[in-house]
file target_39.cif (mmCIF, C-alpha atoms and all ligand atoms)
data_work
loop_
_atom_site.label_atom_id
_atom_site.label_comp_id
_atom_site.auth_asym_id
_atom_site.auth_seq_id
_atom_site.Cartn_x
_atom_site.Cartn_y
_atom_site.Cartn_z
CA MET T 1 -1.77 -20.13 -12.28
CA ASN T 2 -5.17 -19.01 -13.44
CA ILE T 3 -4.88 -15.36 -14.49
CA LEU T 4 -7.42 -12.74 -15.55
CA VAL T 5 -6.02 -9.98 -17.74
CA THR T 6 -8.24 -6.94 -18.28
CA GLY T 7 -7.37 -5.06 -21.48
CA GLY T 8 -5.68 -8.24 -22.71
CA CYS T 9 -6.19 -7.28 -26.37
CA GLY T 10 -4.36 -3.97 -26.00
CA TYR T 11 -0.79 -2.98 -26.86
CA THR T 12 0.71 -4.30 -23.60
CA GLY T 13 -1.86 -7.05 -23.12
CA SER T 14 -1.17 -8.66 -26.51
CA ILE T 15 2.48 -9.25 -25.55
CA LEU T 16 1.73 -10.09 -21.92
CA VAL T 17 -0.92 -12.73 -22.69
CA GLU T 18 1.42 -14.45 -25.15
CA LYS T 19 4.17 -14.58 -22.49
CA LEU T 20 1.79 -15.88 -19.80
CA LEU T 21 0.64 -18.68 -22.12
CA LYS T 22 4.26 -19.58 -22.90
CA LYS T 23 4.83 -19.95 -19.14
CA LYS T 24 1.90 -22.44 -19.11
CA HIS T 25 -0.53 -20.20 -17.21
CA LYS T 26 -4.25 -20.36 -17.93
CA VAL T 27 -5.38 -16.95 -19.12
CA THR T 28 -8.72 -15.21 -19.53
CA SER T 29 -8.70 -11.84 -21.28
CA ILE T 30 -11.59 -9.44 -20.95
CA ASP T 31 -11.52 -6.52 -23.33
CA THR T 32 -14.05 -4.39 -25.21
CA GLN T 33 -11.76 -4.95 -28.21
CA TRP T 34 -12.06 -1.30 -29.26
CA PHE T 35 -8.66 -1.64 -30.94
CA GLY T 36 -9.25 -5.08 -32.37
CA ASN T 37 -8.14 -8.48 -31.25
CA PHE T 38 -4.68 -9.72 -32.15
CA LEU T 39 -4.55 -12.62 -29.67
CA LYS T 40 -4.03 -15.97 -31.35
CA LYS T 41 -6.27 -18.87 -30.35
CA HIS T 42 -4.70 -21.10 -27.69
CA LYS T 43 -6.03 -24.03 -25.65
CA ASN T 44 -5.26 -22.19 -22.39
CA LEU T 45 -6.76 -18.86 -23.47
CA LYS T 46 -10.34 -17.66 -23.02
CA ASN T 47 -10.77 -14.42 -24.93
CA LEU T 48 -13.94 -12.59 -23.86
CA LYS T 49 -15.28 -9.44 -25.48
CA LEU T 50 -16.54 -7.86 -22.27
CA ASN T 51 -16.61 -4.43 -20.68
CA ILE T 52 -14.98 -4.26 -17.25
CA ASN T 53 -18.12 -2.53 -16.01
CA ASP T 54 -19.97 -5.80 -16.66
CA ILE T 55 -17.49 -7.81 -14.61
CA ASP T 56 -20.32 -9.18 -12.45
CA LYS T 57 -21.49 -11.19 -15.49
CA ILE T 58 -18.62 -13.65 -15.01
CA SER T 59 -17.38 -15.61 -12.01
CA LEU T 60 -13.88 -14.77 -10.78
CA LYS T 61 -13.79 -17.86 -8.55
CA LYS T 62 -11.00 -19.70 -10.35
CA PHE T 63 -8.56 -16.78 -10.67
CA ASN T 64 -5.43 -16.52 -8.54
CA VAL T 65 -4.28 -13.16 -9.92
CA ILE T 66 -5.76 -10.29 -11.92
CA ILE T 67 -3.48 -8.14 -14.08
CA HIS T 68 -5.54 -5.03 -14.64
CA LEU T 69 -4.63 -3.12 -17.81
CA SER T 70 -7.96 -1.92 -19.23
CA SER T 71 -8.19 1.86 -19.43
CA ILE T 72 -8.56 4.77 -21.79
CA ALA T 73 -4.82 4.87 -22.18
CA ASN T 74 -3.57 8.38 -22.94
CA ASP T 75 -4.28 12.11 -22.55
CA PRO T 76 -6.01 12.94 -25.85
CA MET T 77 -8.21 9.83 -25.75
CA SER T 78 -9.36 10.71 -22.23
CA GLU T 79 -10.31 14.21 -23.42
CA LEU T 80 -12.52 12.75 -26.20
CA ASP T 81 -15.05 11.54 -23.67
CA LYS T 82 -14.38 12.46 -20.06
CA ASN T 83 -17.17 10.32 -18.64
CA LEU T 84 -15.98 7.26 -20.52
CA SER T 85 -12.54 7.71 -19.02
CA TRP T 86 -13.84 7.89 -15.44
CA GLU T 87 -16.26 5.03 -16.04
CA THR T 88 -13.66 2.75 -17.55
CA SER T 89 -10.87 3.31 -15.06
CA ALA T 90 -12.32 4.52 -11.78
CA LEU T 91 -15.79 2.95 -11.74
CA GLY T 92 -14.64 -0.17 -13.62
CA SER T 93 -11.76 -0.72 -11.19
CA PHE T 94 -14.07 -0.23 -8.20
CA LYS T 95 -16.38 -2.93 -9.56
CA LEU T 96 -13.46 -5.20 -10.42
CA ILE T 97 -11.82 -5.09 -7.00
CA ASN T 98 -15.13 -5.68 -5.25
CA GLN T 99 -15.77 -8.76 -7.36
CA ALA T 100 -12.16 -9.90 -6.85
CA ILE T 101 -12.56 -9.70 -3.06
CA LYS T 102 -15.96 -11.41 -3.21
CA TYR T 103 -14.42 -14.36 -5.10
CA LYS T 104 -11.26 -14.40 -2.95
CA VAL T 105 -8.82 -13.62 -5.75
CA LYS T 106 -5.41 -13.50 -4.07
CA ARG T 107 -3.65 -10.68 -5.88
CA ILE T 108 -4.31 -7.75 -8.20
CA ILE T 109 -1.61 -5.99 -10.22
CA TYR T 110 -2.71 -2.61 -11.60
CA ALA T 111 -1.18 -0.65 -14.48
CA SER T 112 -1.32 2.96 -13.32
CA SER T 113 1.01 5.48 -15.01
CA GLY T 114 4.23 7.33 -14.29
CA SER T 115 2.43 10.41 -15.59
CA VAL T 116 0.65 10.80 -12.23
CA TYR T 117 3.71 12.80 -11.10
CA GLY T 118 3.06 15.58 -13.65
CA VAL T 119 5.93 18.09 -13.77
CA LYS T 120 8.75 17.40 -11.30
CA LYS T 121 12.11 19.14 -10.93
CA GLU T 122 13.60 16.46 -8.67
CA ASN T 123 16.35 14.39 -10.21
CA LYS T 124 14.88 11.22 -8.78
CA VAL T 125 11.13 10.94 -8.83
CA HIS T 126 10.49 8.07 -6.44
CA GLU T 127 7.25 6.59 -5.20
CA ASN T 128 7.05 8.70 -2.03
CA LEU T 129 6.90 12.06 -3.80
CA SER T 130 3.56 13.84 -4.06
CA LEU T 131 1.45 13.40 -7.16
CA LYS T 132 0.60 16.43 -9.30
CA PRO T 133 -1.47 15.04 -12.12
CA ILE T 134 -1.98 17.59 -14.90
CA SER T 135 -4.34 16.05 -17.42
CA LEU T 136 -7.63 14.23 -17.01
CA TYR T 137 -5.86 10.95 -17.85
CA ASN T 138 -3.33 11.54 -15.04
CA LYS T 139 -6.12 12.44 -12.60
CA VAL T 140 -8.16 9.37 -13.46
CA LYS T 141 -5.09 7.17 -12.96
CA MET T 142 -4.34 8.77 -9.57
CA LEU T 143 -7.91 8.37 -8.35
CA THR T 144 -8.05 4.76 -9.56
CA GLU T 145 -4.87 4.02 -7.58
CA ARG T 146 -6.52 5.49 -4.49
CA ILE T 147 -9.71 3.49 -4.94
CA LEU T 148 -7.68 0.29 -5.21
CA MET T 149 -5.40 1.26 -2.29
CA SER T 150 -8.43 1.63 -0.03
CA TYR T 151 -8.84 -2.18 -0.31
CA LYS T 152 -5.21 -3.09 0.36
CA ASP T 153 -6.03 -4.91 3.59
CA LYS T 154 -8.42 -7.22 1.77
CA ILE T 155 -6.36 -8.26 -1.27
CA GLU T 156 -2.67 -8.36 -2.23
CA LEU T 157 -2.15 -5.19 -4.23
CA PHE T 158 0.68 -4.15 -6.53
CA ILE T 159 0.43 -0.82 -8.35
CA ILE T 160 2.84 -0.20 -11.22
CA ARG T 161 3.51 3.27 -12.61
CA PRO T 162 4.97 2.58 -16.05
CA ALA T 163 7.00 5.04 -18.07
CA THR T 164 6.05 5.53 -21.71
CA VAL T 165 6.30 2.11 -23.29
CA CYS T 166 8.07 1.38 -26.57
CA GLY T 167 8.55 -1.56 -28.89
CA TYR T 168 6.58 -3.82 -31.15
CA SER T 169 3.23 -5.41 -30.34
CA PRO T 170 0.74 -7.06 -32.73
CA ARG T 171 -1.72 -4.36 -31.51
CA MET T 172 0.68 -1.57 -32.31
CA ARG T 173 0.46 1.94 -30.81
CA TYR T 174 1.91 4.79 -32.85
CA ASP T 175 0.91 7.43 -30.30
CA LEU T 176 3.76 6.51 -27.90
CA THR T 177 6.89 8.68 -28.10
CA VAL T 178 9.60 6.27 -29.29
CA ASN T 179 7.19 4.29 -31.48
CA ALA T 180 5.75 7.46 -33.05
CA LEU T 181 9.11 9.13 -33.74
CA THR T 182 10.65 5.91 -35.08
CA PHE T 183 7.74 5.17 -37.37
CA SER T 184 7.73 8.70 -38.70
CA ALA T 185 11.51 8.52 -39.27
CA LEU T 186 11.12 5.28 -41.20
CA LYS T 187 8.04 6.17 -43.20
CA LYS T 188 8.37 9.92 -43.78
CA LYS T 189 12.15 10.25 -43.31
CA SER T 190 11.42 13.07 -40.89
CA ILE T 191 10.76 13.49 -37.18
CA THR T 192 8.70 16.36 -35.78
CA VAL T 193 9.51 17.31 -32.21
CA HIS T 194 7.19 19.55 -30.19
CA GLY T 195 9.29 21.45 -27.66
CA GLY T 196 12.00 18.87 -27.08
CA ASN T 197 13.45 19.63 -23.67
CA GLN T 198 10.74 17.76 -21.77
CA ILE T 199 12.29 14.80 -19.97
CA ARG T 200 10.38 11.57 -20.37
CA PRO T 201 10.99 8.15 -18.86
CA ASN T 202 10.89 5.14 -21.17
CA ILE T 203 10.50 1.40 -20.82
CA HIS T 204 10.69 -1.38 -23.38
CA ILE T 205 7.52 -3.47 -23.70
CA ASP T 206 9.53 -6.63 -23.02
CA ASP T 207 10.74 -5.27 -19.69
CA LEU T 208 7.30 -4.03 -18.67
CA THR T 209 5.60 -7.33 -19.45
CA ASP T 210 8.44 -9.13 -17.61
CA ILE T 211 7.67 -6.97 -14.56
CA TYR T 212 4.07 -8.19 -14.55
CA LEU T 213 5.33 -11.79 -14.77
CA TYR T 214 7.85 -11.11 -11.99
CA LEU T 215 5.14 -9.83 -9.66
CA LEU T 216 3.00 -12.95 -9.98
CA ASN T 217 5.09 -14.91 -7.50
CA ILE T 218 6.85 -12.35 -5.38
CA SER T 219 6.13 -12.34 -1.63
CA ASN T 220 3.26 -10.14 -0.46
CA LYS T 221 5.64 -8.39 1.91
CA HIS T 222 6.66 -6.41 -1.20
CA ALA T 223 3.10 -5.29 -2.01
CA GLY T 224 2.84 -1.59 -2.83
CA VAL T 225 3.52 1.02 -5.49
CA TYR T 226 6.37 0.73 -7.99
CA ASN T 227 7.70 3.03 -10.67
CA ALA T 228 8.66 1.22 -13.85
CA GLY T 229 10.94 3.12 -16.20
CA PHE T 230 14.66 2.80 -16.52
CA GLU T 231 15.73 5.43 -19.08
CA ASN T 232 14.97 9.13 -18.66
CA ASP T 233 15.81 11.25 -21.67
CA SER T 234 14.70 14.47 -23.33
CA ILE T 235 12.46 14.19 -26.38
CA ILE T 236 15.12 15.91 -28.49
CA ASN T 237 17.75 13.37 -27.42
CA ILE T 238 15.38 10.54 -28.23
CA ALA T 239 14.83 12.10 -31.67
CA LYS T 240 18.59 12.44 -32.25
CA LYS T 241 19.22 8.81 -31.33
CA ILE T 242 16.48 7.71 -33.71
CA GLN T 243 17.97 9.99 -36.37
CA SER T 244 21.35 8.27 -35.96
CA LYS T 245 19.72 4.92 -36.84
CA THR T 246 17.47 6.14 -39.64
CA GLN T 247 19.05 9.29 -41.14
CA ALA T 248 15.71 11.10 -40.85
CA LYS T 249 15.52 14.90 -40.65
CA ILE T 250 14.43 16.53 -37.38
CA LYS T 251 11.94 19.39 -37.42
CA ILE T 252 11.46 21.27 -34.15
CA ILE T 253 8.18 23.06 -33.41
CA LYS T 254 8.60 25.41 -30.46
CA LYS T 255 4.94 25.38 -29.46
CA PHE T 256 3.81 22.35 -27.50
CA ASN T 257 0.81 21.51 -25.35
CA ASP T 258 2.08 18.59 -23.30
CA PRO T 259 4.36 19.95 -20.56
CA ARG T 260 4.82 16.67 -18.61
CA SER T 261 8.45 16.43 -17.61
CA TYR T 262 9.88 14.14 -14.95
CA ARG T 263 12.60 11.55 -14.31
CA LEU T 264 11.30 8.28 -12.91
CA ASP T 265 13.45 6.54 -10.38
CA SER T 266 12.74 2.81 -10.33
CA SER T 267 15.32 1.64 -7.83
CA LYS T 268 12.55 0.25 -5.59
CA LEU T 269 11.71 -2.27 -8.32
CA LYS T 270 15.38 -3.15 -8.74
CA LYS T 271 15.68 -3.62 -4.96
CA ILE T 272 13.10 -6.42 -5.07
CA GLY T 273 15.19 -8.15 -7.70
CA PHE T 274 13.86 -7.03 -11.08
CA LYS T 275 16.51 -6.47 -13.74
CA PRO T 276 15.61 -4.66 -16.98
CA LYS T 277 17.16 -6.11 -20.12
CA LYS T 278 16.46 -3.59 -22.86
CA LYS T 279 16.97 0.05 -23.81
CA TYR T 280 14.68 2.18 -25.94
CA ILE T 281 17.23 2.05 -28.74
CA ASP T 282 16.56 -1.73 -28.89
CA ALA T 283 12.93 -0.90 -29.66
CA VAL T 284 14.06 1.50 -32.41
CA LEU T 285 16.28 -1.15 -34.00
CA GLU T 286 13.61 -3.86 -33.68
CA LEU T 287 11.00 -1.61 -35.30
CA LYS T 288 13.44 -0.68 -38.07
CA LYS T 289 14.16 -4.34 -38.82
CA LEU T 290 10.44 -5.15 -38.98
CA TYR T 291 9.84 -2.14 -41.24
CA LEU T 292 12.63 -3.09 -43.65
CA ASN T 293 11.20 -6.63 -43.77
CA LYS T 294 7.75 -5.15 -44.50
CA LYS T 295 6.37 -6.61 -41.27
CA LEU T 296 5.63 -3.32 -39.50
CA LYS T 297 2.13 -2.47 -40.61
CA ASP T 298 0.32 0.85 -40.45
CA LYS T 299 -3.40 0.46 -39.80
CA PRO T 300 -5.92 3.12 -38.69
CA ILE T 301 -6.58 0.99 -35.59
CA PHE T 302 -2.97 1.51 -34.46
CA HIS T 303 -3.59 5.26 -34.08
CA SER T 304 -5.56 5.12 -30.85
CA VAL T 305 -6.91 8.68 -30.74
CA SER T 306 -8.27 8.95 -34.28
CA TRP T 307 -9.58 5.38 -34.06
CA LEU T 308 -11.47 5.96 -30.80
CA LYS T 309 -12.91 9.18 -32.25
CA LYS T 310 -14.12 7.23 -35.28
CA ILE T 311 -15.75 4.35 -33.37
CA LYS T 312 -17.42 6.75 -30.95
CA LYS T 313 -19.10 8.53 -33.90
CA ASN T 314 -20.59 5.24 -35.19
N1 LIG T 401 1.52 2.20 -23.19
C1 LIG T 401 2.04 3.06 -22.34
O1 LIG T 401 2.99 3.81 -22.67
C2 LIG T 401 1.54 3.12 -20.94
C3 LIG T 401 2.27 3.86 -20.00
C4 LIG T 401 1.79 3.94 -18.70
C5 LIG T 401 0.64 3.28 -18.33
N2 LIG T 401 -0.05 2.57 -19.25
C6 LIG T 401 -1.27 1.88 -18.83
O2 LIG T 401 -1.13 0.49 -19.14
C7 LIG T 401 -2.40 -0.04 -19.50
C8 LIG T 401 -2.30 -0.73 -20.85
O3 LIG T 401 -1.95 0.24 -21.83
P1 LIG T 401 -1.83 -0.11 -23.36
O4 LIG T 401 -0.73 0.70 -23.90
O5 LIG T 401 -1.82 -1.58 -23.56
O6 LIG T 401 -3.19 0.53 -23.90
P2 LIG T 401 -4.24 -0.02 -24.98
O7 LIG T 401 -5.19 1.09 -25.25
O8 LIG T 401 -3.54 -0.63 -26.12
O9 LIG T 401 -4.97 -1.17 -24.16
C9 LIG T 401 -6.06 -0.95 -23.30
C10 LIG T 401 -7.11 -1.99 -23.62
O10 LIG T 401 -8.19 -1.83 -22.71
C11 LIG T 401 -9.38 -2.05 -23.41
N3 LIG T 401 -10.46 -1.37 -22.68
C12 LIG T 401 -10.66 -0.03 -22.56
N4 LIG T 401 -11.74 0.20 -21.81
C13 LIG T 401 -12.24 -1.01 -21.46
C14 LIG T 401 -13.34 -1.43 -20.66
N5 LIG T 401 -14.21 -0.54 -20.12
N6 LIG T 401 -13.55 -2.75 -20.49
C15 LIG T 401 -12.71 -3.66 -21.04
N7 LIG T 401 -11.66 -3.33 -21.81
C16 LIG T 401 -11.43 -2.02 -22.00
C17 LIG T 401 -9.14 -1.48 -24.82
O11 LIG T 401 -10.00 -2.05 -25.78
C18 LIG T 401 -7.68 -1.85 -25.04
O12 LIG T 401 -7.55 -3.07 -25.74
C19 LIG T 401 -3.38 1.12 -19.46
O13 LIG T 401 -4.03 1.11 -18.22
C20 LIG T 401 -2.51 2.35 -19.58
O14 LIG T 401 -3.11 3.47 -18.99
C21 LIG T 401 0.38 2.48 -20.54
#
call {"tool": "encode", "arguments": {"input": "target_39.cif", "output": "structure tokens"}}
result
Amino acid sequence: MNILVTGGCGYTGSILVEKLLKKKHKVTSIDTQWFGNFLKKHKNLKNLKLNINDIDKISLKKFNVIIHLSSIANDPMSELDKNLSWETSALGSFKLINQAIKYKVKRIIYASSGSVYGVKKENKVHENLSLKPISLYNKVKMLTERILMSYKDKIELFIIRPATVCGYSPRMRYDLTVNALTFSALKKKSITVHGGNQIRPNIHIDDLTDIYLYLLNISNKHAGVYNAGFENDSIINIAKKIQSKTQAKIKIIKKFNDPRSYRLDSSKLKKIGFKPKKKYIDAVLELKKLYLNKKLKDKPIFHSVSWLKKIKKN
């Protein structure tokens, strides 16, 4: 297949593009490369430094599927520049889907976010529950879903709502819960937990990227919205599990400013045949092994919020 990946140089994209190439797909990545470019050169890869808002500068004629990952990808980054967040996700996605329809691209797979549910008491947060986005990031994601959904009769549309992702990527992100706590445990021998009782869903980066691969070929009768997160756990439990593998100390700070708490139910995804293979503890052990082998690097570019702040100043 000929596949366009937006945000292909990001944390998820860097793993996904590698997997697509291994499966012999032809891939084009478009990315502003705000967090660098860790994609290796490959004969079947075209790596374009391009803003999604300039999507009309390229032809989408040859593409069968678009996997749409580009976004300002967390709460604090969205708050840094509210307009940028709306422009990148909502306006950019509007332009992208219009171009995709114009060029008769068959399918678009969009990375929304499980955080669109906000705070939910239900034990099983499934796709039919109402959305109560709290932060700007959550609101932008919800609106972008709705923009894309309004075109669902014109293009095959799959919307994925991933849990917080964990695990290694060449473009590492240390702002994601399991990654952040594990790295702190390894480097500083301590883990700081804010609050701790908030329940968060998790997904390993290998499972998430496998979901995108899985959706390339699945029948369009399954088009729609899918949660993607298979392990719900409290932050304090996550910290304790990491502690058991690293012997780090846990410090609890009662005050916290991120109240999101919800349990994702992803049985819809399992019903269409997807089987997750990994747990978040696998990510912890993989990161630990890389760290002990001195292969887990710490670069300013891997801390998305401070890095975006820095490049916006320049
Ligand atoms: N990582 C997670 O835990 C998680 C969870 C739920 C949803 N998501 C969503 O999955 C997607 C991928 O997340 P990620 O973790 O790989 O984030 P990331 O920040 O590592 O990757 C996003 C990429 O998009 C690029 N980008 C941003 N604005 C752009 C624009 N206007 N034009 C072109 N490229 C642009 C960035 O340079 C970056 O490389 C995002 O949409 C994010 O909101 C991520």
call {"tool": "residues_around", "arguments": {"input": "target_39.cif", "residues": "stretch 79-82 of chain T", "least_positions_apart": "3", "cutoff": "9 Å", "atoms": "only C-alpha atoms", "output": "PyMOL selection string"}}
result
chain T and resi 74-76+85-87+135-137+305+308-309
call {"tool": "write_last_selection", "arguments": {"input": "target_39.cif", "atoms": "C-alpha atoms", "output": "short mmCIF file (atom, residue, chain, number, x, y, z; two decimals), in the coordinates of the input"}}
result
data_model
loop_
_atom_site.label_atom_id
_atom_site.label_comp_id
_atom_site.auth_asym_id
_atom_site.auth_seq_id
_atom_site.Cartn_x
_atom_site.Cartn_y
_atom_site.Cartn_z
CA ASN T 74 -3.57 8.38 -22.94
CA ASP T 75 -4.28 12.11 -22.55
CA PRO T 76 -6.01 12.94 -25.85
CA SER T 85 -12.54 7.71 -19.02
CA TRP T 86 -13.84 7.89 -15.44
CA GLU T 87 -16.26 5.03 -16.04
CA SER T 135 -4.34 16.05 -17.42
CA LEU T 136 -7.63 14.23 -17.01
CA TYR T 137 -5.86 10.95 -17.85
CA VAL T 305 -6.91 8.68 -30.74
CA LEU T 308 -11.47 5.96 -30.80
CA LYS T 309 -12.91 9.18 -32.25
#
call {"tool": "atom_distance", "arguments": {"input": "target_39.cif", "atom1": "atom CA of T:Pro170", "atom2": "atom CA of T:Gly10"}}
result
9.0 Å
call {"tool": "residues_near_ligand", "arguments": {"input": "target_39.cif", "ligand": "ligand LIG 401 (chain T)", "cutoff": "7 Å", "atoms": "all atoms listed in the file", "output": "PyMOL selection string"}}
result
chain T and resi 6-13+30-35+50-53+69-74+88+92+111-114+161-166+171+173+176+304
call {"tool": "atom_distance", "arguments": {"input": "target_39.cif", "atom1": "atom CA of T:Phe256", "atom2": "atom CA of T:Lys299"}}
result
26.1 Å
call {"tool": "atom_distance", "arguments": {"input": "target_39.cif", "atom1": "atom CA of T:Lys104", "atom2": "atom CA of T:Thr209"}}
result
24.6 Å
call {"tool": "closest_residue", "arguments": {"input": "target_39.cif", "among": "T:Ile203, T:Leu45, T:Leu186, T:Ile252", "to": "T:Lys279", "atoms": "only C-alpha atoms"}}
result
T:Ile203
call {"tool": "closest_atom_pairs", "arguments": {"input": "target_39.cif", "of": "stretch 172-266 of chain T", "to": "stretch 288-292 of chain T", "cutoff": "12 Å", "atoms": "all atoms listed in the file", "output": "Markdown table"}}
result
| residue | atom | partner | partner_atom | distance |
| --- | --- | --- | --- | --- |
| T:Val178 | CA | T:Lys288 | CA | 11.8 |
| T:Asn179 | CA | T:Lys288 | CA | 10.4 |
| T:Leu181 | CA | T:Lys288 | CA | 11.6 |
| T:Thr182 | CA | T:Lys288 | CA | 7.8 |
| T:Phe183 | CA | T:Lys288 | CA | 8.2 |
| T:Ser184 | CA | T:Lys288 | CA | 11.0 |
| T:Ala185 | CA | T:Lys288 | CA | 9.5 |
| T:Leu186 | CA | T:Lys288 | CA | 7.1 |
| T:Lys187 | CA | T:Tyr291 | CA | 8.7 |
| T:Ile242 | CA | T:Lys288 | CA | 9.9 |
| T:Gln243 | CA | T:Lys288 | CA | 11.7 |
| T:Lys245 | CA | T:Lys288 | CA | 8.5 |
| T:Thr246 | CA | T:Lys288 | CA | 8.1 |
| T:Gln247 | CA | T:Lys288 | CA | 11.8 |
call {"tool": "write_last_selection", "arguments": {"input": "target_39.cif", "atoms": "C-alpha atoms", "output": "tab-separated table (two decimals), keeping the file's coordinate frame"}}
result
chain	number	residue	atom	x	y	z
T	178	VAL	CA	9.60	6.27	-29.29
T	179	ASN	CA	7.19	4.29	-31.48
T	181	LEU	CA	9.11	9.13	-33.74
T	182	THR	CA	10.65	5.91	-35.08
T	183	PHE	CA	7.74	5.17	-37.37
T	184	SER	CA	7.73	8.70	-38.70
T	185	ALA	CA	11.51	8.52	-39.27
T	186	LEU	CA	11.12	5.28	-41.20
T	187	LYS	CA	8.04	6.17	-43.20
T	242	ILE	CA	16.48	7.71	-33.71
T	243	GLN	CA	17.97	9.99	-36.37
T	245	LYS	CA	19.72	4.92	-36.84
T	246	THR	CA	17.47	6.14	-39.64
T	247	GLN	CA	19.05	9.29	-41.14
call {"tool": "closest_residue", "arguments": {"input": "target_39.cif", "among": "T:Tyr212, T:Lys188, T:Lys57, T:Asn227", "to": "T:Lys19", "atoms": "only C-alpha atoms"}}
result
T:Tyr212
call {"tool": "closest_residue", "arguments": {"input": "target_39.cif", "among": "T:Phe274, T:Asp56, T:Asn44, T:Lys141", "to": "T:Leu213", "atoms": "only C-alpha atoms"}}
result
T:Phe274
call {"tool": "closest_residue", "arguments": {"input": "target_39.cif", "among": "T:Val125, T:Ala90, T:Leu60, T:Leu84", "to": "T:Val105", "atoms": "all atoms listed in the file"}}
result
T:Leu60
call {"tool": "closest_residue", "arguments": {"input": "target_39.cif", "among": "T:Ile66, T:Leu208, T:Ile159, T:Ile58", "to": "T:Lys277", "atoms": "only C-alpha atoms"}}
result
T:Leu208
call {"tool": "closest_residue", "arguments": {"input": "target_39.cif", "among": "T:Lys251, T:His204, T:His303, T:Lys24", "to": "T:Pro276", "atoms": "only C-alpha atoms"}}
result
T:His204
call {"tool": "residues_around", "arguments": {"input": "target_39.cif", "residues": "T:Leu215", "least_positions_apart": "4", "cutoff": "12 Å", "atoms": "only C-alpha atoms", "output": "MDAnalysis selection string"}}
result
chainID T and resid 65:67 107:110 156:160 208:211 219:226 269 272:274
call {"tool": "residues_around", "arguments": {"input": "target_39.cif", "residues": "T:Leu143", "least_positions_apart": "5", "cutoff": "9 Å", "atoms": "only C-alpha atoms", "output": "list in words"}}
result
Ser89, Ala90, Asn138 and Leu148 of chain T
call {"tool": "write_last_selection", "arguments": {"input": "target_39.cif", "atoms": "C-alpha atoms", "output": "short mmCIF file (atom, residue, chain, number, x, y, z; two decimals), in the coordinates of the input"}}
result
data_model
loop_
_atom_site.label_atom_id
_atom_site.label_comp_id
_atom_site.auth_asym_id
_atom_site.auth_seq_id
_atom_site.Cartn_x
_atom_site.Cartn_y
_atom_site.Cartn_z
CA SER T 89 -10.87 3.31 -15.06
CA ALA T 90 -12.32 4.52 -11.78
CA ASN T 138 -3.33 11.54 -15.04
CA LEU T 148 -7.68 0.29 -5.21
#
call {"tool": "residues_around", "arguments": {"input": "target_39.cif", "residues": "stretch 128-132 of chain T", "least_positions_apart": "2", "cutoff": "8 Å", "atoms": "all atoms listed in the file", "output": "NGL selection string"}}
result
:T and (116-119 or 125-126 or 134 or 142)
call {"tool": "write_last_selection", "arguments": {"input": "target_39.cif", "atoms": "C-alpha atoms", "output": "PDB file, in the coordinates of the input"}}
result
ATOM      1  CA  VAL T 116       0.650  10.800 -12.230  1.00  0.00           C
ATOM      2  CA  TYR T 117       3.710  12.800 -11.100  1.00  0.00           C
ATOM      3  CA  GLY T 118       3.060  15.580 -13.650  1.00  0.00           C
ATOM      4  CA  VAL T 119       5.930  18.090 -13.770  1.00  0.00           C
ATOM      5  CA  VAL T 125      11.130  10.940  -8.830  1.00  0.00           C
ATOM      6  CA  HIS T 126      10.490   8.070  -6.440  1.00  0.00           C
ATOM      7  CA  ILE T 134      -1.980  17.590 -14.900  1.00  0.00           C
ATOM      8  CA  MET T 142      -4.340   8.770  -9.570  1.00  0.00           C
TER       9      MET T 142
END
call {"tool": "residues_near_point", "arguments": {"input": "target_39.cif", "point": "(15.2, 15.4, -28.6)", "cutoff": "9 Å", "atoms": "all atoms listed in the file", "output": "list in words"}}
result
Val193, Gly195, Gly196, Asn197, Gln198, Asp233, Ser234, Ile235, Ile236, Asn237, Ile238, Ala239, Lys240, Lys241, Ile250 and Ile252 of chain T
call {"tool": "decode", "arguments": {"input": "target_39.cif", "residues": "stretch 3-10 of chain T", "atoms": "N, CA and C atoms", "output": "compact mmCIF listing (two decimals), in the first residue's frame"}}
result
# COMPACT_ATOMS: atom_id res chain seq x y z
N ILE T 3 1.12 4.74 1.76
CA ILE T 3 0.54 5.30 2.99
C ILE T 3 1.15 6.65 3.34
N LEU T 4 0.30 7.61 3.66
CA LEU T 4 0.76 8.91 4.16
C LEU T 4 0.62 8.90 5.67
N VAL T 5 1.73 9.20 6.36
CA VAL T 5 1.66 9.33 7.82
C VAL T 5 1.90 10.79 8.16
N THR T 6 0.95 11.44 8.80
CA THR T 6 1.22 12.81 9.29
C THR T 6 1.80 12.68 10.70
N GLY T 7 2.76 13.51 11.03
CA GLY T 7 3.41 13.37 12.35
C GLY T 7 4.29 12.13 12.41
N GLY T 8 4.80 11.73 11.23
CA GLY T 8 5.59 10.49 11.14
C GLY T 8 6.91 10.53 11.88
N CYS T 9 7.38 11.75 12.23
CA CYS T 9 8.66 11.84 12.96
C CYS T 9 8.45 11.89 14.47
N GLY T 10 7.21 11.78 14.91
CA GLY T 10 6.94 11.85 16.35
C GLY T 10 7.22 10.55 17.07
